[in-house]
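Below is coords.txt, which holds compact mmCIF, N, CA and C atoms (P, O5', C5', C4', C3', O3' and C1' of nucleotides).
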```
# COMPACT_ATOMS: atom_id res chain seq x y z
N MET K 1 14.76 10.07 -9.36
CA MET K 1 14.76 8.92 -10.26
C MET K 1 14.74 7.63 -9.44
N LYS K 2 13.76 7.52 -8.59
CA LYS K 2 13.64 6.34 -7.73
C LYS K 2 13.25 5.12 -8.57
N LYS K 3 14.16 4.18 -8.69
CA LYS K 3 13.89 2.97 -9.43
C LYS K 3 12.62 2.30 -8.92
N PHE K 4 12.52 2.27 -7.65
CA PHE K 4 11.36 1.61 -7.04
C PHE K 4 10.04 2.20 -7.55
N THR K 5 9.94 3.50 -7.47
CA THR K 5 8.72 4.18 -7.93
C THR K 5 8.47 3.93 -9.41
N GLU K 6 9.53 4.07 -10.20
CA GLU K 6 9.39 3.85 -11.64
C GLU K 6 8.90 2.43 -11.91
N ASN K 7 9.50 1.47 -11.23
CA ASN K 7 9.10 0.07 -11.41
C ASN K 7 7.64 -0.14 -11.01
N VAL K 8 7.27 0.43 -9.92
CA VAL K 8 5.89 0.28 -9.44
C VAL K 8 4.91 0.76 -10.51
N LEU K 9 5.13 1.97 -11.00
CA LEU K 9 4.24 2.52 -12.02
C LEU K 9 4.22 1.64 -13.26
N LYS K 10 5.40 1.20 -13.67
CA LYS K 10 5.50 0.36 -14.87
C LYS K 10 4.75 -0.96 -14.68
N ILE K 11 4.96 -1.58 -13.55
CA ILE K 11 4.31 -2.87 -13.27
C ILE K 11 2.79 -2.73 -13.25
N VAL K 12 2.30 -1.71 -12.54
CA VAL K 12 0.86 -1.50 -12.46
C VAL K 12 0.28 -1.25 -13.85
N LYS K 13 1.03 -0.51 -14.64
CA LYS K 13 0.60 -0.18 -16.00
C LYS K 13 0.52 -1.44 -16.86
N LYS K 14 1.31 -2.44 -16.52
CA LYS K 14 1.36 -3.67 -17.30
C LYS K 14 0.33 -4.70 -16.84
N ILE K 15 -0.41 -4.39 -15.83
CA ILE K 15 -1.41 -5.36 -15.35
C ILE K 15 -2.49 -5.55 -16.43
N PRO K 16 -2.67 -6.80 -16.90
CA PRO K 16 -3.67 -7.08 -17.94
C PRO K 16 -5.10 -6.95 -17.41
N VAL K 17 -6.03 -6.76 -18.35
CA VAL K 17 -7.43 -6.62 -17.96
C VAL K 17 -7.93 -7.92 -17.34
N GLY K 18 -8.66 -7.78 -16.27
CA GLY K 18 -9.19 -8.96 -15.60
C GLY K 18 -8.22 -9.55 -14.60
N SER K 19 -7.08 -8.90 -14.42
CA SER K 19 -6.08 -9.39 -13.48
C SER K 19 -5.86 -8.38 -12.37
N VAL K 20 -5.47 -8.84 -11.22
CA VAL K 20 -5.19 -7.93 -10.11
C VAL K 20 -3.92 -8.35 -9.38
N LEU K 21 -3.22 -7.38 -8.87
CA LEU K 21 -2.01 -7.66 -8.09
C LEU K 21 -2.15 -7.02 -6.73
N THR K 22 -1.50 -7.60 -5.75
CA THR K 22 -1.55 -7.01 -4.40
C THR K 22 -0.41 -6.00 -4.26
N TYR K 23 -0.56 -5.11 -3.30
CA TYR K 23 0.48 -4.11 -3.06
C TYR K 23 1.80 -4.82 -2.75
N ALA K 24 1.72 -5.90 -2.00
CA ALA K 24 2.93 -6.64 -1.63
C ALA K 24 3.60 -7.22 -2.88
N GLU K 25 2.78 -7.76 -3.77
CA GLU K 25 3.33 -8.33 -5.00
C GLU K 25 4.01 -7.26 -5.83
N VAL K 26 3.34 -6.13 -6.00
CA VAL K 26 3.91 -5.02 -6.77
C VAL K 26 5.22 -4.57 -6.14
N ALA K 27 5.21 -4.41 -4.83
CA ALA K 27 6.40 -3.96 -4.12
C ALA K 27 7.54 -4.96 -4.33
N LYS K 28 7.22 -6.23 -4.24
CA LYS K 28 8.22 -7.27 -4.41
C LYS K 28 8.80 -7.24 -5.82
N GLU K 29 7.93 -7.11 -6.80
CA GLU K 29 8.38 -7.06 -8.19
C GLU K 29 9.20 -5.79 -8.45
N ALA K 30 8.82 -4.73 -7.75
CA ALA K 30 9.51 -3.45 -7.94
C ALA K 30 10.91 -3.48 -7.32
N GLY K 31 11.12 -4.42 -6.41
CA GLY K 31 12.44 -4.52 -5.83
C GLY K 31 12.47 -4.46 -4.32
N ASN K 32 11.40 -3.99 -3.71
CA ASN K 32 11.38 -3.91 -2.24
C ASN K 32 10.25 -4.79 -1.68
N ARG K 33 10.65 -5.77 -0.96
CA ARG K 33 9.68 -6.72 -0.44
C ARG K 33 8.72 -6.09 0.58
N ASN K 34 9.22 -5.20 1.39
CA ASN K 34 8.38 -4.64 2.46
C ASN K 34 7.85 -3.25 2.16
N ALA K 35 7.83 -2.89 0.93
CA ALA K 35 7.42 -1.53 0.58
C ALA K 35 5.97 -1.46 0.11
N ALA K 36 5.17 -2.40 0.55
CA ALA K 36 3.76 -2.41 0.13
C ALA K 36 3.11 -1.08 0.45
N ARG K 37 3.43 -0.56 1.61
CA ARG K 37 2.85 0.70 2.05
C ARG K 37 3.27 1.82 1.11
N ALA K 38 4.52 1.83 0.78
CA ALA K 38 5.04 2.88 -0.10
C ALA K 38 4.36 2.80 -1.47
N VAL K 39 4.05 1.59 -1.92
CA VAL K 39 3.39 1.42 -3.22
C VAL K 39 2.06 2.17 -3.22
N GLY K 40 1.28 1.93 -2.20
CA GLY K 40 -0.01 2.62 -2.10
C GLY K 40 0.16 4.12 -2.06
N ASN K 41 1.18 4.55 -1.36
CA ASN K 41 1.43 5.98 -1.25
C ASN K 41 1.80 6.58 -2.59
N ILE K 42 2.63 5.88 -3.32
CA ILE K 42 3.06 6.35 -4.64
C ILE K 42 1.86 6.48 -5.57
N LEU K 43 1.04 5.45 -5.62
CA LEU K 43 -0.13 5.48 -6.50
C LEU K 43 -1.08 6.59 -6.10
N ASN K 44 -1.20 6.80 -4.84
CA ASN K 44 -2.14 7.82 -4.34
C ASN K 44 -1.70 9.23 -4.70
N LYS K 45 -0.45 9.53 -4.55
CA LYS K 45 0.06 10.87 -4.81
C LYS K 45 0.44 11.10 -6.27
N ASN K 46 0.79 10.00 -6.95
CA ASN K 46 1.18 10.14 -8.36
C ASN K 46 0.17 9.44 -9.27
N PHE K 47 -1.08 9.78 -9.14
CA PHE K 47 -2.09 9.14 -9.99
C PHE K 47 -1.90 9.53 -11.44
N ASN K 48 -1.83 8.52 -12.29
CA ASN K 48 -1.74 8.75 -13.73
C ASN K 48 -2.88 7.99 -14.42
N PRO K 49 -3.58 8.62 -15.37
CA PRO K 49 -4.70 7.98 -16.06
C PRO K 49 -4.29 6.73 -16.82
N LYS K 50 -3.01 6.61 -17.14
CA LYS K 50 -2.51 5.44 -17.87
C LYS K 50 -2.32 4.25 -16.95
N ILE K 51 -2.36 4.52 -15.67
CA ILE K 51 -2.10 3.45 -14.70
C ILE K 51 -3.39 2.93 -14.06
N PRO K 52 -3.75 1.69 -14.35
CA PRO K 52 -4.97 1.10 -13.77
C PRO K 52 -4.77 0.74 -12.30
N CYS K 53 -4.60 1.73 -11.48
CA CYS K 53 -4.31 1.48 -10.07
C CYS K 53 -5.47 0.78 -9.36
N HIS K 54 -6.64 0.74 -10.02
CA HIS K 54 -7.77 0.06 -9.38
C HIS K 54 -7.59 -1.46 -9.40
N ARG K 55 -6.56 -1.91 -10.15
CA ARG K 55 -6.28 -3.35 -10.19
C ARG K 55 -5.28 -3.77 -9.14
N VAL K 56 -4.94 -2.85 -8.26
CA VAL K 56 -4.03 -3.18 -7.17
C VAL K 56 -4.83 -3.24 -5.88
N ILE K 57 -4.84 -4.41 -5.28
CA ILE K 57 -5.63 -4.60 -4.05
C ILE K 57 -4.75 -5.08 -2.91
N ARG K 58 -5.35 -5.20 -1.75
CA ARG K 58 -4.61 -5.63 -0.56
C ARG K 58 -4.45 -7.15 -0.54
N SER K 59 -3.49 -7.60 0.24
CA SER K 59 -3.24 -9.04 0.36
C SER K 59 -4.33 -9.70 1.18
N ASP K 60 -5.04 -8.92 1.96
CA ASP K 60 -6.10 -9.44 2.82
C ASP K 60 -7.33 -9.84 2.01
N GLY K 61 -7.35 -9.46 0.75
CA GLY K 61 -8.53 -9.75 -0.07
C GLY K 61 -9.43 -8.53 -0.13
N LYS K 62 -9.12 -7.53 0.68
CA LYS K 62 -9.88 -6.28 0.65
C LYS K 62 -9.41 -5.45 -0.55
N LEU K 63 -10.21 -4.51 -0.93
CA LEU K 63 -9.86 -3.70 -2.10
C LEU K 63 -8.82 -2.65 -1.80
N GLY K 64 -8.81 -2.15 -0.57
CA GLY K 64 -7.90 -1.06 -0.24
C GLY K 64 -8.56 0.25 -0.61
N GLY K 65 -7.82 1.22 -1.00
CA GLY K 65 -8.40 2.54 -1.33
C GLY K 65 -8.27 2.88 -2.79
N TYR K 66 -8.74 4.06 -3.10
CA TYR K 66 -8.67 4.53 -4.49
C TYR K 66 -8.87 6.04 -4.53
N ASN K 67 -8.04 6.73 -5.29
CA ASN K 67 -8.12 8.20 -5.32
C ASN K 67 -9.43 8.69 -5.89
N ARG K 68 -10.08 7.88 -6.71
CA ARG K 68 -11.36 8.29 -7.29
C ARG K 68 -12.53 7.79 -6.45
N GLY K 69 -12.23 7.20 -5.30
CA GLY K 69 -13.31 6.70 -4.44
C GLY K 69 -13.35 5.18 -4.41
N ALA K 70 -13.51 4.62 -3.25
CA ALA K 70 -13.52 3.17 -3.09
C ALA K 70 -14.64 2.52 -3.91
N LYS K 71 -15.77 3.20 -3.98
CA LYS K 71 -16.90 2.66 -4.73
C LYS K 71 -16.55 2.50 -6.20
N MET K 72 -15.89 3.54 -6.71
CA MET K 72 -15.44 3.53 -8.11
C MET K 72 -14.55 2.32 -8.35
N LYS K 73 -13.61 2.12 -7.46
CA LYS K 73 -12.69 0.99 -7.58
C LYS K 73 -13.44 -0.33 -7.59
N LYS K 74 -14.34 -0.48 -6.65
CA LYS K 74 -15.14 -1.69 -6.56
C LYS K 74 -15.92 -1.92 -7.86
N SER K 75 -16.54 -0.87 -8.33
CA SER K 75 -17.32 -0.97 -9.57
C SER K 75 -16.44 -1.39 -10.74
N LEU K 76 -15.26 -0.78 -10.82
CA LEU K 76 -14.34 -1.10 -11.91
C LEU K 76 -13.92 -2.56 -11.86
N LEU K 77 -13.59 -3.03 -10.67
CA LEU K 77 -13.17 -4.43 -10.52
C LEU K 77 -14.29 -5.37 -10.92
N ILE K 78 -15.48 -5.07 -10.48
CA ILE K 78 -16.63 -5.91 -10.82
C ILE K 78 -16.86 -5.90 -12.33
N SER K 79 -16.73 -4.72 -12.91
CA SER K 79 -16.92 -4.58 -14.36
C SER K 79 -15.93 -5.41 -15.15
N GLU K 80 -14.73 -5.59 -14.56
CA GLU K 80 -13.71 -6.38 -15.25
C GLU K 80 -13.83 -7.86 -14.96
N GLY K 81 -14.84 -8.21 -14.19
CA GLY K 81 -15.08 -9.63 -13.92
C GLY K 81 -14.26 -10.18 -12.77
N ILE K 82 -13.71 -9.29 -11.96
CA ILE K 82 -12.91 -9.73 -10.82
C ILE K 82 -13.83 -9.99 -9.62
N ASN K 83 -13.75 -11.22 -9.12
CA ASN K 83 -14.60 -11.59 -7.99
C ASN K 83 -13.98 -11.10 -6.68
N ILE K 84 -14.78 -10.39 -5.91
CA ILE K 84 -14.29 -9.83 -4.66
C ILE K 84 -14.57 -10.76 -3.50
N ILE K 85 -13.55 -10.94 -2.69
CA ILE K 85 -13.66 -11.82 -1.53
C ILE K 85 -14.38 -11.07 -0.41
P DC J 1 20.37 18.03 3.88
O5' DC J 1 19.52 18.06 5.24
C5' DC J 1 20.02 18.82 6.31
C4' DC J 1 19.05 18.83 7.48
C3' DC J 1 18.61 17.44 7.89
O3' DC J 1 18.46 17.39 9.29
C1' DC J 1 16.73 18.69 7.21
P DA J 2 18.17 15.97 10.01
O5' DA J 2 16.66 16.22 10.49
C5' DA J 2 16.36 17.33 11.33
C4' DA J 2 14.94 17.21 11.87
C3' DA J 2 14.58 15.82 12.39
O3' DA J 2 13.74 15.96 13.55
C1' DA J 2 13.19 16.35 10.54
P DT J 3 12.94 14.70 14.13
O5' DT J 3 11.50 14.89 13.45
C5' DT J 3 10.89 16.18 13.48
C4' DT J 3 9.44 16.10 13.03
C3' DT J 3 8.70 14.85 13.52
O3' DT J 3 7.38 15.20 13.91
C1' DT J 3 8.66 14.92 11.16
P DT J 4 6.30 14.10 14.38
O5' DT J 4 5.38 14.01 13.06
C5' DT J 4 4.95 15.22 12.45
C4' DT J 4 3.96 14.94 11.33
C3' DT J 4 2.94 13.86 11.64
O3' DT J 4 1.66 14.27 11.18
C1' DT J 4 4.19 13.27 9.70
P DT J 5 0.35 13.33 11.34
O5' DT J 5 0.26 12.73 9.87
C5' DT J 5 0.38 13.63 8.76
C4' DT J 5 0.24 12.88 7.44
C3' DT J 5 -0.84 11.79 7.43
O3' DT J 5 -1.59 11.88 6.23
C1' DT J 5 1.22 10.90 6.74
P DG J 6 -3.07 11.31 6.21
O5' DG J 6 -2.93 10.10 5.19
C5' DG J 6 -2.05 10.20 4.07
C4' DG J 6 -1.89 8.82 3.43
C3' DG J 6 -2.92 7.79 3.87
O3' DG J 6 -3.46 7.11 2.73
C1' DG J 6 -0.73 6.98 4.28
P DA J 7 -5.17 6.89 2.94
O5' DA J 7 -5.58 5.65 2.04
C5' DA J 7 -4.66 4.78 1.79
C4' DA J 7 -5.02 3.50 1.16
C3' DA J 7 -3.74 2.70 1.14
O3' DA J 7 -4.06 1.34 1.26
C1' DA J 7 -4.44 3.10 -1.06
P DC J 8 -3.85 0.65 2.62
O5' DC J 8 -2.36 0.12 2.45
C5' DC J 8 -1.86 -0.37 1.25
C4' DC J 8 -0.87 -1.49 1.50
C3' DC J 8 -1.52 -2.80 1.92
O3' DC J 8 -0.83 -3.90 1.32
C1' DC J 8 -0.06 -2.07 3.61
P DG J 9 -1.15 -5.40 1.67
O5' DG J 9 -0.09 -5.72 2.80
C5' DG J 9 1.30 -5.64 2.48
C4' DG J 9 2.11 -6.47 3.47
C3' DG J 9 1.44 -7.81 3.79
O3' DG J 9 2.43 -8.81 3.92
C1' DG J 9 1.59 -6.48 5.77
P DC J 10 1.98 -10.33 4.25
O5' DC J 10 2.63 -10.61 5.69
C5' DC J 10 3.95 -10.10 5.95
C4' DC J 10 4.28 -10.16 7.43
C3' DC J 10 3.85 -11.47 8.09
O3' DC J 10 4.88 -11.95 8.94
C1' DC J 10 2.85 -9.62 9.22
P DC J 11 4.72 -13.35 9.69
O5' DC J 11 4.60 -12.85 11.20
C5' DC J 11 5.54 -11.87 11.69
C4' DC J 11 5.31 -11.63 13.18
C3' DC J 11 4.97 -12.89 13.96
O3' DC J 11 5.61 -12.84 15.24
C1' DC J 11 3.16 -11.35 14.09
P DA J 12 5.36 -14.03 16.29
O5' DA J 12 4.40 -13.30 17.34
C5' DA J 12 4.72 -11.97 17.79
C4' DA J 12 3.75 -11.55 18.90
C3' DA J 12 3.40 -12.67 19.88
O3' DA J 12 3.30 -12.14 21.21
C1' DA J 12 1.44 -11.95 18.76
P DA J 13 2.88 -13.14 22.43
O5' DA J 13 1.37 -12.69 22.71
C5' DA J 13 1.05 -11.31 22.86
C4' DA J 13 -0.45 -11.13 23.15
C3' DA J 13 -1.02 -12.19 24.10
O3' DA J 13 -1.95 -11.60 25.00
C1' DA J 13 -2.20 -12.26 22.05
P DT T 1 -9.22 -20.01 10.58
O5' DT T 1 -10.01 -18.98 11.49
C5' DT T 1 -11.34 -19.28 11.93
C4' DT T 1 -11.90 -18.06 12.62
C3' DT T 1 -11.62 -16.78 11.87
O3' DT T 1 -12.74 -15.91 11.96
C1' DT T 1 -10.56 -16.70 14.01
P DT T 2 -12.75 -14.52 11.23
O5' DT T 2 -12.45 -13.46 12.38
C5' DT T 2 -13.18 -13.51 13.61
C4' DT T 2 -12.72 -12.39 14.55
C3' DT T 2 -12.44 -11.07 13.84
O3' DT T 2 -12.90 -10.00 14.66
C1' DT T 2 -10.48 -11.81 14.94
P DT T 3 -12.70 -8.48 14.24
O5' DT T 3 -11.51 -8.06 15.22
C5' DT T 3 -11.62 -8.34 16.62
C4' DT T 3 -10.50 -7.68 17.41
C3' DT T 3 -10.12 -6.28 16.94
O3' DT T 3 -9.91 -5.44 18.07
C1' DT T 3 -8.22 -7.69 16.82
P DG T 4 -9.37 -3.94 17.94
O5' DG T 4 -7.81 -4.09 18.31
C5' DG T 4 -7.45 -4.83 19.48
C4' DG T 4 -5.97 -4.66 19.76
C3' DG T 4 -5.42 -3.28 19.44
O3' DG T 4 -4.50 -2.88 20.45
C1' DG T 4 -4.29 -4.91 18.12
P DG T 5 -3.72 -1.49 20.35
O5' DG T 5 -2.27 -1.98 19.89
C5' DG T 5 -1.67 -3.10 20.54
C4' DG T 5 -0.30 -3.41 19.95
C3' DG T 5 0.52 -2.16 19.64
O3' DG T 5 1.87 -2.38 20.03
C1' DG T 5 0.22 -3.45 17.65
P DC T 6 2.94 -1.22 19.86
O5' DC T 6 3.78 -1.79 18.62
C5' DC T 6 4.30 -3.13 18.70
C4' DC T 6 5.14 -3.46 17.49
C3' DC T 6 6.09 -2.35 17.06
O3' DC T 6 7.35 -2.91 16.72
C1' DC T 6 4.62 -2.89 15.27
P DG T 7 8.54 -2.03 16.25
O5' DG T 7 8.56 -2.35 14.68
C5' DG T 7 8.57 -3.72 14.25
C4' DG T 7 8.68 -3.81 12.73
C3' DG T 7 9.67 -2.80 12.15
O3' DG T 7 10.39 -3.41 11.07
C1' DG T 7 7.53 -2.43 11.23
P DC T 8 11.64 -2.54 10.41
O5' DC T 8 11.54 -2.94 8.88
C5' DC T 8 10.33 -3.43 8.32
C4' DC T 8 9.90 -2.62 7.09
C3' DC T 8 10.79 -1.43 6.78
O3' DC T 8 11.51 -1.67 5.56
C1' DC T 8 8.47 -0.82 6.73
P DC T 9 12.63 -0.61 5.09
O5' DC T 9 11.79 0.27 4.04
C5' DC T 9 11.09 -0.35 2.97
C4' DC T 9 10.31 0.67 2.18
C3' DC T 9 11.12 1.93 1.85
O3' DC T 9 11.02 2.24 0.47
C1' DC T 9 9.06 2.53 2.89
P DA T 10 12.11 3.24 -0.16
O5' DA T 10 11.14 4.35 -0.77
C5' DA T 10 10.02 3.94 -1.55
C4' DA T 10 9.05 5.08 -1.75
C3' DA T 10 9.75 6.40 -2.10
O3' DA T 10 9.01 7.08 -3.11
C1' DA T 10 8.47 6.67 -0.12
P DA T 11 9.54 8.41 -3.76
O5' DA T 11 8.47 9.44 -3.21
C5' DA T 11 7.09 9.18 -3.41
C4' DA T 11 6.21 10.22 -2.70
C3' DA T 11 6.60 11.66 -2.98
O3' DA T 11 5.43 12.43 -3.16
C1' DA T 11 6.65 11.26 -0.65
P DA T 12 5.54 14.01 -3.47
O5' DA T 12 4.87 14.63 -2.16
C5' DA T 12 3.67 14.05 -1.66
C4' DA T 12 3.21 14.81 -0.41
C3' DA T 12 3.34 16.32 -0.52
O3' DA T 12 2.25 16.94 0.15
C1' DA T 12 4.70 15.52 1.25
P DT T 13 2.09 18.52 0.18
O5' DT T 13 2.62 18.89 1.64
C5' DT T 13 2.13 18.14 2.75
C4' DT T 13 2.61 18.75 4.06
C3' DT T 13 2.81 20.27 4.01
O3' DT T 13 2.40 20.86 5.24
C1' DT T 13 4.84 19.22 4.59
```
What do you get writing this file as structure tokens?
Amino acid sequence: MKKFTENVLKIVKKIPVGSVLTYAEVAKEAGNRNAARAVGNILNKNFNPKIPCHRVIRSDGKLGGYNRGAKMKKSLLISEGINII
DNA sequence: CATTTGACGCCAA
DNA sequence: TTTGGCGCCAAAT
């Protein structure tokens, strides 16, 4: 019952369409400022169809990864009108 | 239980 | 500015 993990999933699930959050932001909101890495790990191993994990990107402006493929993630972001740096 | 892995982030050179 | 290295955390093996 890791609060952090639960929070991460909940936060990502609450991301509105057309919006994106960075792993660092999610981690910070979840309660751990330096757990950006853990956030990615959680999403990767605990993929849920209800969670738009493709809306979580890196702080560098890069997309990061995606369990369904980086291309898929990129396509999804573009489809939602998110401009990629 | 200890070690390794992994969708990251920041600092120093 | 770009690259390399280190730190950080949670889950899997």
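Interface residues of chain T facing chain K, defined by any atom at most 7 Å away and using only N, CA and C atoms (P, O5', C5', C4', C3', O3' and C1' of nucleotides), are DC8, DC9, DA10, DA11 and DA12 of chain T.
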Pick out each residue of chain K that DSSP on the backbone tags as strand (DSSP E); I need them as an MDAnalysis selection string.
chainID K and resid 21:22 56:57
May I ask you to extract the residues of chain J within 7 Å of chain K, using all atoms listed in the file, and to give them as a list in words?
DG6, DA7, DC8, DG9 and DC10 of chain J
From a DSSP pass on the backbone, collect the residues of chain K flagged as helix (DSSP H, G or I) and hand them back as a ChimeraX atom specification.
/K:3-13,23-30,36-45,53-55,70-79
Give me, please, the distance in Å between atom C1' of DC6 of chain T and atom CA of Val8 of chain K, quoted to one decimal.
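Computed distance, atom C1' of DC6 of chain T to atom CA of Val8 of chain K, equals 24.9 Å.
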Which distance in Å separates atom N of Ile85 of chain K and atom N of Lys62 of chain K, to one decimal?
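One can read the atom N of Ile85 of chain K to atom N of Lys62 of chain K distance as 6.5 Å.
Residue nearest Asn7 of chain K within the list K:Ile82, K:Val20, K:Gly31, K:Lys74: K:Gly31 [criterion: smallest interatomic distance, only C-alpha atoms].
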Please report the interatomic distance between atom O3' of DG7 of chain T and atom O3' of DC1 of chain J in Å with one decimal.
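We find that atom O3' of DG7 of chain T and atom O3' of DC1 of chain J lie 22.4 Å from each other.
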Neighbourhood query: residues within 9 Å of (5.9, -8.0, -11.7), file coordinates, counting only C-alpha atoms (C1' of nucleotides); return as number ranges by chain.
K: 7-8, 10-12, 14-15, 21, 25-30
